[in-house]
Amino acid sequence: MARKDFLVTIGLEVHVQLKTRTKMFCACAVAFGEEPNTLCCPVCLGLPGALPVLNKRAIEMTLLTGRMLGCSTPEISKWDRKNYFYPDMPKNYQISQFDLPLCLGGGVPLYELAYPKDHQKSIAHPDKVVALTRIHLEEDVAKSTHLPKATLIDFNRAGTPLMEIVSEPEIESPEEAVAYLNSLRQILLYGEVSDADMEKGQMRCDVNVSVRPKDQKKLGTKIELKNLNSVSAVRRALHYEIERQIGELEEGNRIVQATWRWNDDAGQTEWMRNKEDSQDYRYFPDPDLLPVRTAGMLAALGVPELPHQKQVRFVRDFGVTSYDGGVLSADRALADYFEAAATGTTHGKKLANWVINNLLSALKEADLPLGQSPVRPTQLRALVELIEDGKITNNQAKEVFARLFAEPSHEDLAALAVSMGFEPANAGELEGFVDQVVAANPGPVAEIKAGNAKAINSLLGQVMKLSGGKGDPKLIRQLLEQKTA
Amino acid sequence: MPDPDADFDVGYVAQLCRLELTADETVQFQAQLSGVIEYMKKIDQLDLSGIEATAHAVPAFDVYREDEPGPSLTVEEVLRNAPQKSQNQFAVTKVVE
C-alpha cells in the first residue's frame, strides 16, 4: 500500500506555564534562571503539614483561555490529587483536576499563516477548527538535572501554575499539528496568559499519533511521543513516526501501545516504555482545597479581540487584503502598531504595505523588536499621507523613511522631505514637460488616441525623468490624459 | 468478611504505595479495607434522588489568595533536611526516565 492509503490521527496535550507572579498554591515568586532552590517554601517543597491556597489569578487566566477558545465551564470546578512517586514531586501527588476541570470542549482555529511556510499553498482543510476535550489547571513539577551518578533537584519551578490543554484526536497531518501549536500560541499571547515559548519550556507538548489503512474504521494503536522541544521538532518527529508506523504495518507487524522519545540529534524516535508500565494514578478529591464557583469570575473576565477577529476587522475597516490582515494580526504588538498608524486615515492598505514591507525589514536589519521601532505609528502615517497627497514619490518616501529611522526626532515630515530636496514640481512646470513629451512622441500619442491607454505609461516615465523625479505621478497622468484626449 | 465480588486487591494497592506487606498483613489488610469499602457501599442503598452532588466534604467555596509574592525560604533552610545535597540542590539516586 502507498502512503496515501493510510489515515493519520494525531491528538496533542499541551502544557502551558501561566504568567502569574506567584506559584499556584503558595506565594513564592515565579521566575526563570534564579539560583536553584531560592524560590521555595514548605508548600512547594511538599513538606508535611503545609497547606496549599489557590492563586486566584491563575484560575482567571485559565478561564480566560477557555473563553478565548470557546470552551464551556462547569458551575463548580474542583481539585484532585494525582498520585505517583517521582523525586520532582516529593509529596507524592500532583494537585490537578480530574472530573471537574475549569474548561470543557471548545476548539483551536488553525490560522493559514500558522502552517509551515512551505505548506501554506496546500492546506487540506482551510478554516479548520480542532476540537478540544478540556483544559485543566495543575502545578508544575521540580526541575531534574541528570548527572552520571545522581539526579539533582531544583524546586524553583515546582508549583508554577500549569495549564493542560487536551485536543481531540482530530489532527490529520504534521503540518496541522504545527498550525495548531502556532495558532494556540498566538491566542495565548493575545490573552497575555503565557509567553508560550516552547524553547524556554513555557509551552510543552506531548503527541499521540496513530495510523490506519483508509478502509479501516477503528483508529490504529496510538504511540505517545515525548521530548518535543520546538514546533519544528514536533513536525519532524511526526513525519518520522508516521513513516515508521506505516512501515511496521506494511511488513505485517502490529503496533504496540507505548511511549516513544524523540531524539532530535539522531532525527528518530526511540522506544521508552510500554503502556503496561504506565501508572494507575488513583485520583481523589484534594481535601486541602475548596471547590471554585466559576460564574462570578467568568462574568468579570475581559475577553480580548482574537487574531482572526482582528483580521476580519482590518479588512473591513482599513481596506487591507485578507493576507495582509493575517500577517498584521499574527502578532498583537504588530496589530496594535498598524492600528495606531491607520486610524484616522483612508490609506490603510498603503500603510499595511509600509508596515509589512518597509518597517519590518528595517527593524530586522537593525535587529530591533517592534517595541523599539524608531519610527512611530503617527510618523509612518504622516509619511504615507505625503505620498498620497502627491508631495513626494514612493521612492523619495523610502529615502525619507531611512533618514527618519536613523534620526527619529524629526517631527515635521513635510519639512524633512523639503530639506532633503524632495519638493514636488509645480503644476505649471509639469505642464511644460508634458507639452514637450507630447510634441516629441507623435507615435505613442496616436496610439493613445486610438484607445491604447497603456501607451501613456512610457510618456509618463519621460515626464517624470524631465521633472527630476519630483513630479506627482497622478498629476502627470491627469495632464497627459488631457493633452492626448 | 470481604465481599467475594469486590475487585479490591490490597496487594495491588500496596504496590502502588510502594509498601511491602507480609503474607499475614496481606490477609489482615485485605479484610479490613474490604470492610471499609463494604461500609461505603451502603450509600448505594440510599435514595439519593433530589440530593445535589457535592465536590467537597465541607460546604464552602472560593478560598483564594491574590497573586502577590511573599518571602521564600533561604537555600540553607530549604536543604536543611536533605539527606544528600550538591550544588545547592537535592541529590537523589539517579532517575532514569
# chains A, B, ... in the order shown; residues from 1 in each chain; ligands from 1
>>> interface_residues(of="chain B", to="chain A", cutoff="10 Å", atoms="only C-alpha atoms", output="PyMOL selection string")
chain B and resi 13+16-18+54-79+84-97
>>> select_by_dssp(residues="range 13-80 of chain B", states="helix (DSSP H, G or I)", output="JSON, numbers by chain")
{"B": [13, 14, 15, 16, 23, 24, 25, 26, 27, 28, 29, 30, 31, 32, 33, 34, 35, 36, 37, 38, 39, 40, 41, 42, 43, 44, 45, 75, 76, 77, 78, 79]}
>>> write_last_selection(atoms="N, CA, C and O atoms", output="tab-separated table (two decimals), in the first residue's frame")
chain	number	residue	atom	x	y	z
B	13	VAL	N	-2.77	-2.38	45.59
B	13	VAL	CA	-2.74	-1.05	46.21
B	13	VAL	C	-1.41	-0.86	46.96
B	13	VAL	O	-0.79	0.20	46.89
B	14	ALA	N	-0.96	-1.90	47.63
B	14	ALA	CA	0.31	-1.82	48.36
B	14	ALA	C	1.46	-1.55	47.39
B	14	ALA	O	2.36	-0.74	47.66
B	15	GLN	N	1.38	-2.18	46.23
B	15	GLN	CA	2.42	-1.99	45.21
B	15	GLN	C	2.42	-0.54	44.73
B	15	GLN	O	3.47	0.09	44.59
B	16	LEU	N	1.21	0.03	44.50
B	16	LEU	CA	1.11	1.43	44.09
B	16	LEU	C	1.68	2.36	45.16
B	16	LEU	O	2.22	3.42	44.85
B	23	ALA	N	2.70	-11.86	54.30
B	23	ALA	CA	1.51	-12.66	53.96
B	23	ALA	C	0.40	-12.41	54.98
B	23	ALA	O	-0.76	-12.23	54.61
B	24	ASP	N	0.78	-12.35	56.26
B	24	ASP	CA	-0.22	-12.11	57.31
B	24	ASP	C	-0.87	-10.75	57.14
B	24	ASP	O	-2.08	-10.58	57.25
B	25	GLU	N	-0.02	-9.75	56.89
B	25	GLU	CA	-0.55	-8.39	56.71
B	25	GLU	C	-1.49	-8.32	55.51
B	25	GLU	O	-2.52	-7.64	55.55
B	26	THR	N	-1.13	-9.02	54.45
B	26	THR	CA	-1.96	-9.01	53.25
B	26	THR	C	-3.36	-9.50	53.59
B	26	THR	O	-4.36	-8.88	53.23
B	27	VAL	N	-3.43	-10.60	54.31
B	27	VAL	CA	-4.73	-11.16	54.68
B	27	VAL	C	-5.48	-10.18	55.59
B	27	VAL	O	-6.65	-9.87	55.36
B	28	GLN	N	-4.76	-9.65	56.57
B	28	GLN	CA	-5.38	-8.75	57.55
B	28	GLN	C	-5.91	-7.48	56.89
B	28	GLN	O	-7.07	-7.10	57.09
B	29	PHE	N	-5.06	-6.83	56.07
B	29	PHE	CA	-5.47	-5.54	55.48
B	29	PHE	C	-6.51	-5.74	54.38
B	29	PHE	O	-7.37	-4.89	54.17
B	30	GLN	N	-6.42	-6.87	53.68
B	30	GLN	CA	-7.44	-7.15	52.66
B	30	GLN	C	-8.81	-7.18	53.34
B	30	GLN	O	-9.76	-6.58	52.86
B	31	ALA	N	-8.86	-7.85	54.49
B	31	ALA	CA	-10.13	-7.97	55.21
B	31	ALA	C	-10.58	-6.61	55.74
B	31	ALA	O	-11.73	-6.20	55.54
B	32	GLN	N	-9.66	-5.89	56.36
B	32	GLN	CA	-10.04	-4.62	56.99
B	32	GLN	C	-10.48	-3.59	55.95
B	32	GLN	O	-11.52	-2.94	56.08
B	33	LEU	N	-9.69	-3.47	54.89
B	33	LEU	CA	-10.02	-2.44	53.89
B	33	LEU	C	-11.26	-2.82	53.10
B	33	LEU	O	-12.05	-1.97	52.70
B	34	SER	N	-11.45	-4.13	52.88
B	34	SER	CA	-12.67	-4.57	52.21
B	34	SER	C	-13.88	-4.19	53.05
B	34	SER	O	-14.93	-3.81	52.51
B	35	GLY	N	-13.71	-4.30	54.36
B	35	GLY	CA	-14.78	-3.91	55.26
B	35	GLY	C	-15.14	-2.44	55.10
B	35	GLY	O	-16.31	-2.06	55.09
B	36	VAL	N	-14.12	-1.61	54.96
B	36	VAL	CA	-14.35	-0.16	54.78
B	36	VAL	C	-15.12	0.08	53.49
B	36	VAL	O	-16.09	0.84	53.44
B	37	ILE	N	-14.68	-0.60	52.42
B	37	ILE	CA	-15.34	-0.41	51.13
B	37	ILE	C	-16.79	-0.88	51.21
B	37	ILE	O	-17.72	-0.23	50.70
B	38	GLU	N	-16.98	-1.99	51.89
B	38	GLU	CA	-18.34	-2.52	52.07
B	38	GLU	C	-19.23	-1.49	52.77
B	38	GLU	O	-20.36	-1.25	52.38
B	39	TYR	N	-18.64	-0.84	53.76
B	39	TYR	CA	-19.37	0.18	54.51
B	39	TYR	C	-19.78	1.32	53.59
B	39	TYR	O	-20.90	1.81	53.63
B	40	MET	N	-18.84	1.76	52.72
B	40	MET	CA	-19.13	2.85	51.80
B	40	MET	C	-20.27	2.47	50.84
B	40	MET	O	-21.03	3.33	50.40
B	41	LYS	N	-20.36	1.19	50.54
B	41	LYS	CA	-21.39	0.76	49.59
B	41	LYS	C	-22.79	0.94	50.13
B	41	LYS	O	-23.77	0.84	49.37
B	42	LYS	N	-22.89	1.18	51.42
B	42	LYS	CA	-24.23	1.40	51.99
B	42	LYS	C	-24.90	2.60	51.34
B	42	LYS	O	-26.13	2.70	51.30
B	43	ILE	N	-24.07	3.53	50.86
B	43	ILE	CA	-24.64	4.72	50.20
B	43	ILE	C	-25.51	4.29	49.02
B	43	ILE	O	-26.54	4.90	48.74
B	44	ASP	N	-25.09	3.21	48.34
B	44	ASP	CA	-25.86	2.73	47.19
B	44	ASP	C	-27.29	2.35	47.58
B	44	ASP	O	-28.19	2.34	46.73
B	45	GLN	N	-27.47	2.01	48.82
B	45	GLN	CA	-28.82	1.57	49.26
B	45	GLN	C	-29.72	2.75	49.56
B	45	GLN	O	-30.92	2.59	49.77
B	75	VAL	N	18.14	29.14	50.89
B	75	VAL	CA	18.62	27.85	50.39
B	75	VAL	C	19.01	26.93	51.55
B	75	VAL	O	18.74	25.73	51.51
B	76	GLU	N	19.63	27.52	52.57
B	76	GLU	CA	20.07	26.71	53.72
B	76	GLU	C	18.86	26.06	54.38
B	76	GLU	O	18.88	24.86	54.72
B	77	GLU	N	17.79	26.85	54.55
B	77	GLU	CA	16.59	26.28	55.17
B	77	GLU	C	15.98	25.20	54.27
B	77	GLU	O	15.55	24.15	54.74
B	78	VAL	N	15.96	25.48	52.97
B	78	VAL	CA	15.36	24.53	52.03
B	78	VAL	C	16.07	23.18	52.11
B	78	VAL	O	15.44	22.12	52.12
B	79	LEU	N	17.41	23.23	52.20
B	79	LEU	CA	18.19	21.99	52.11
B	79	LEU	C	18.50	21.37	53.47
B	79	LEU	O	19.19	20.36	53.55
>>> residues_around(residues="Lys474 in chain A", least_positions_apart="6", cutoff="12 Å", atoms="only C-alpha atoms", output="PDB file with N, CA and C atoms, in the first residue's frame")
ATOM      1  N   ILE A 387       2.927  60.891   0.518  1.00  0.00           N
ATOM      2  CA  ILE A 387       2.908  60.214  -0.790  1.00  0.00           C
ATOM      3  C   ILE A 387       1.530  60.375  -1.433  1.00  0.00           C
ATOM      4  N   GLU A 388       0.513  60.074  -0.639  1.00  0.00           N
ATOM      5  CA  GLU A 388      -0.845  60.076  -1.190  1.00  0.00           C
ATOM      6  C   GLU A 388      -1.301  61.474  -1.583  1.00  0.00           C
ATOM      7  N   ASP A 389      -0.748  62.491  -0.928  1.00  0.00           N
ATOM      8  CA  ASP A 389      -1.107  63.865  -1.300  1.00  0.00           C
ATOM      9  C   ASP A 389      -0.267  64.377  -2.470  1.00  0.00           C
ATOM     10  N   GLY A 390       0.588  63.521  -2.986  1.00  0.00           N
ATOM     11  CA  GLY A 390       1.379  63.916  -4.139  1.00  0.00           C
ATOM     12  C   GLY A 390       2.555  64.809  -3.800  1.00  0.00           C
ATOM     13  N   LYS A 391       2.903  64.887  -2.535  1.00  0.00           N
ATOM     14  CA  LYS A 391       4.010  65.764  -2.139  1.00  0.00           C
ATOM     15  C   LYS A 391       5.358  65.121  -2.447  1.00  0.00           C
ATOM     16  N   ILE A 392       5.449  63.830  -2.253  1.00  0.00           N
ATOM     17  CA  ILE A 392       6.693  63.115  -2.585  1.00  0.00           C
ATOM     18  C   ILE A 392       6.328  61.800  -3.275  1.00  0.00           C
ATOM     19  N   THR A 393       7.289  61.265  -4.012  1.00  0.00           N
ATOM     20  CA  THR A 393       7.031  59.986  -4.684  1.00  0.00           C
ATOM     21  C   THR A 393       7.359  58.845  -3.719  1.00  0.00           C
ATOM     22  N   ASN A 394       6.973  57.662  -4.132  1.00  0.00           N
ATOM     23  CA  ASN A 394       7.214  56.486  -3.313  1.00  0.00           C
ATOM     24  C   ASN A 394       8.713  56.287  -3.049  1.00  0.00           C
ATOM     25  N   PRO A 424       7.764  68.838  -4.620  1.00  0.00           N
ATOM     26  CA  PRO A 424       7.022  68.497  -5.830  1.00  0.00           C
ATOM     27  C   PRO A 424       7.198  69.595  -6.867  1.00  0.00           C
ATOM     28  N   ALA A 427       2.679  72.689 -10.870  1.00  0.00           N
ATOM     29  CA  ALA A 427       1.829  72.255 -11.972  1.00  0.00           C
ATOM     30  C   ALA A 427       2.238  72.915 -13.293  1.00  0.00           C
ATOM     31  N   LEU A 430       5.280  71.250 -14.649  1.00  0.00           N
ATOM     32  CA  LEU A 430       4.954  69.910 -15.143  1.00  0.00           C
ATOM     33  C   LEU A 430       4.246  70.004 -16.494  1.00  0.00           C
ATOM     34  N   ASN A 457       1.945  55.110 -20.295  1.00  0.00           N
ATOM     35  CA  ASN A 457       2.953  54.849 -19.262  1.00  0.00           C
ATOM     36  C   ASN A 457       4.353  55.266 -19.688  1.00  0.00           C
ATOM     37  N   LEU A 460       4.586  58.938 -19.425  1.00  0.00           N
ATOM     38  CA  LEU A 460       4.630  59.322 -18.006  1.00  0.00           C
ATOM     39  C   LEU A 460       6.063  59.222 -17.475  1.00  0.00           C
ATOM     40  N   GLY A 461       6.716  58.136 -17.862  1.00  0.00           N
ATOM     41  CA  GLY A 461       8.094  57.929 -17.417  1.00  0.00           C
ATOM     42  C   GLY A 461       9.000  59.049 -17.907  1.00  0.00           C
ATOM     43  N   VAL A 463       8.141  62.188 -18.694  1.00  0.00           N
ATOM     44  CA  VAL A 463       7.839  63.424 -17.971  1.00  0.00           C
ATOM     45  C   VAL A 463       8.487  63.385 -16.578  1.00  0.00           C
ATOM     46  N   MET A 464       8.365  62.237 -15.955  1.00  0.00           N
ATOM     47  CA  MET A 464       8.939  62.044 -14.625  1.00  0.00           C
ATOM     48  C   MET A 464      10.435  62.341 -14.655  1.00  0.00           C
ATOM     49  N   LEU A 480      -1.390  64.323 -18.921  1.00  0.00           N
ATOM     50  CA  LEU A 480      -1.186  63.579 -20.173  1.00  0.00           C
ATOM     51  C   LEU A 480      -2.522  63.179 -20.781  1.00  0.00           C
ATOM     52  N   GLU A 481      -3.432  62.775 -19.912  1.00  0.00           N
ATOM     53  CA  GLU A 481      -4.746  62.358 -20.413  1.00  0.00           C
ATOM     54  C   GLU A 481      -5.458  63.532 -21.081  1.00  0.00           C
TER      55      GLU A 481
END
>>> residues_around(residues="Ala177 in chain A", least_positions_apart="6", cutoff="12 Å", atoms="only C-alpha atoms", output="VMD selection string")
chain A and resid 8 to 14 108 to 111 114 to 116 128 to 130 167 169 to 171 183 to 184 205 to 209 230 to 239
>>> residues_around(residues="Ser194 in chain A", least_positions_apart="4", cutoff="12 Å", atoms="only C-alpha atoms", output="PyMOL selection string")
chain A and resi 15-21+58+61-62+64-65+160-163+184-190+198+200-203
>>> write_last_selection(atoms="C-alpha atoms", output="mmCIF file, in the first residue's frame")
data_model
loop_
_atom_site.group_PDB
_atom_site.id
_atom_site.type_symbol
_atom_site.label_atom_id
_atom_site.label_comp_id
_atom_site.auth_asym_id
_atom_site.auth_seq_id
_atom_site.Cartn_x
_atom_site.Cartn_y
_atom_site.Cartn_z
ATOM 1 C CA HIS A 15 1.189 22.169 28.912
ATOM 2 C CA VAL A 16 1.376 25.946 29.270
ATOM 3 C CA GLN A 17 3.062 27.832 32.119
ATOM 4 C CA LEU A 18 0.892 30.744 33.183
ATOM 5 C CA LYS A 19 2.390 34.223 33.519
ATOM 6 C CA THR A 20 1.411 34.745 37.140
ATOM 7 C CA ARG A 21 3.701 36.499 39.595
ATOM 8 C CA ALA A 58 -4.161 31.553 37.704
ATOM 9 C CA MET A 61 -6.197 33.150 33.303
ATOM 10 C CA THR A 62 -7.359 29.587 32.695
ATOM 11 C CA LEU A 64 -9.953 33.436 30.048
ATOM 12 C CA THR A 65 -8.134 30.881 27.889
ATOM 13 C CA THR A 160 4.247 27.052 38.895
ATOM 14 C CA PRO A 161 0.673 27.222 37.539
ATOM 15 C CA LEU A 162 0.452 24.880 34.574
ATOM 16 C CA MET A 163 -2.498 24.717 32.221
ATOM 17 C CA LEU A 184 -2.726 28.307 20.031
ATOM 18 C CA ARG A 185 0.395 30.273 20.917
ATOM 19 C CA GLN A 186 -0.923 33.366 19.116
ATOM 20 C CA ILE A 187 -4.156 33.195 21.079
ATOM 21 C CA LEU A 188 -2.351 32.673 24.409
ATOM 22 C CA LEU A 189 -0.171 35.710 23.657
ATOM 23 C CA TYR A 190 -3.257 37.766 22.802
ATOM 24 C CA MET A 198 8.436 26.103 23.550
ATOM 25 C CA LYS A 200 12.025 28.045 27.010
ATOM 26 C CA GLY A 201 9.772 25.242 28.250
ATOM 27 C CA GLN A 202 6.860 27.632 28.794
ATOM 28 C CA MET A 203 4.846 25.528 26.395
#
>>> residues_around(residues="His347 in chain A", least_positions_apart="6", cutoff="8 Å", atoms="only C-alpha atoms", output="PyMOL selection string")
chain A and resi 318+384-385+388
>>> write_last_selection(atoms="all heavy atoms", output="PDB file, in the first residue's frame")
ATOM      1  N   PHE A 318     -10.077  48.968   7.317  1.00  0.00           N
ATOM      2  CA  PHE A 318      -8.908  49.652   6.761  1.00  0.00           C
ATOM      3  C   PHE A 318      -8.633  49.258   5.321  1.00  0.00           C
ATOM      4  O   PHE A 318      -7.654  49.725   4.733  1.00  0.00           O
ATOM      5  CB  PHE A 318      -7.675  49.367   7.625  1.00  0.00           C
ATOM      6  CG  PHE A 318      -7.804  49.861   9.039  1.00  0.00           C
ATOM      7  CD1 PHE A 318      -7.761  48.977  10.101  1.00  0.00           C
ATOM      8  CD2 PHE A 318      -7.992  51.215   9.311  1.00  0.00           C
ATOM      9  CE1 PHE A 318      -7.884  49.427  11.404  1.00  0.00           C
ATOM     10  CE2 PHE A 318      -8.119  51.670  10.616  1.00  0.00           C
ATOM     11  CZ  PHE A 318      -8.073  50.779  11.665  1.00  0.00           C
ATOM     12  N   VAL A 384       3.062  58.325   4.732  1.00  0.00           N
ATOM     13  CA  VAL A 384       2.172  57.785   3.697  1.00  0.00           C
ATOM     14  C   VAL A 384       1.240  58.886   3.180  1.00  0.00           C
ATOM     15  O   VAL A 384       0.926  58.954   1.989  1.00  0.00           O
ATOM     16  CB  VAL A 384       1.388  56.565   4.243  1.00  0.00           C
ATOM     17  CG1 VAL A 384       0.246  56.191   3.318  1.00  0.00           C
ATOM     18  CG2 VAL A 384       2.329  55.388   4.440  1.00  0.00           C
ATOM     19  N   GLU A 385       0.853  59.788   4.066  1.00  0.00           N
ATOM     20  CA  GLU A 385      -0.014  60.885   3.613  1.00  0.00           C
ATOM     21  C   GLU A 385       0.725  61.820   2.654  1.00  0.00           C
ATOM     22  O   GLU A 385       0.132  62.335   1.710  1.00  0.00           O
ATOM     23  CB  GLU A 385      -0.569  61.643   4.822  1.00  0.00           C
ATOM     24  CG  GLU A 385      -1.763  60.898   5.408  1.00  0.00           C
ATOM     25  CD  GLU A 385      -2.281  61.471   6.720  1.00  0.00           C
ATOM     26  OE1 GLU A 385      -1.596  62.316   7.320  1.00  0.00           O
ATOM     27  OE2 GLU A 385      -3.379  61.040   7.123  1.00  0.00           O
ATOM     28  N   GLU A 388       0.513  60.074  -0.639  1.00  0.00           N
ATOM     29  CA  GLU A 388      -0.845  60.076  -1.190  1.00  0.00           C
ATOM     30  C   GLU A 388      -1.301  61.474  -1.583  1.00  0.00           C
ATOM     31  O   GLU A 388      -2.123  61.624  -2.475  1.00  0.00           O
ATOM     32  CB  GLU A 388      -1.813  59.452  -0.179  1.00  0.00           C
ATOM     33  CG  GLU A 388      -1.564  57.968   0.075  1.00  0.00           C
ATOM     34  CD  GLU A 388      -1.729  57.117  -1.180  1.00  0.00           C
ATOM     35  OE1 GLU A 388      -2.784  57.226  -1.829  1.00  0.00           O
ATOM     36  OE2 GLU A 388      -0.795  56.357  -1.510  1.00  0.00           O
TER      37      GLU A 388
END
>>> atom_distance(atom1="CA of Asp331 in chain A", atom2="CA of Gly106 in chain A")
22.4 Å
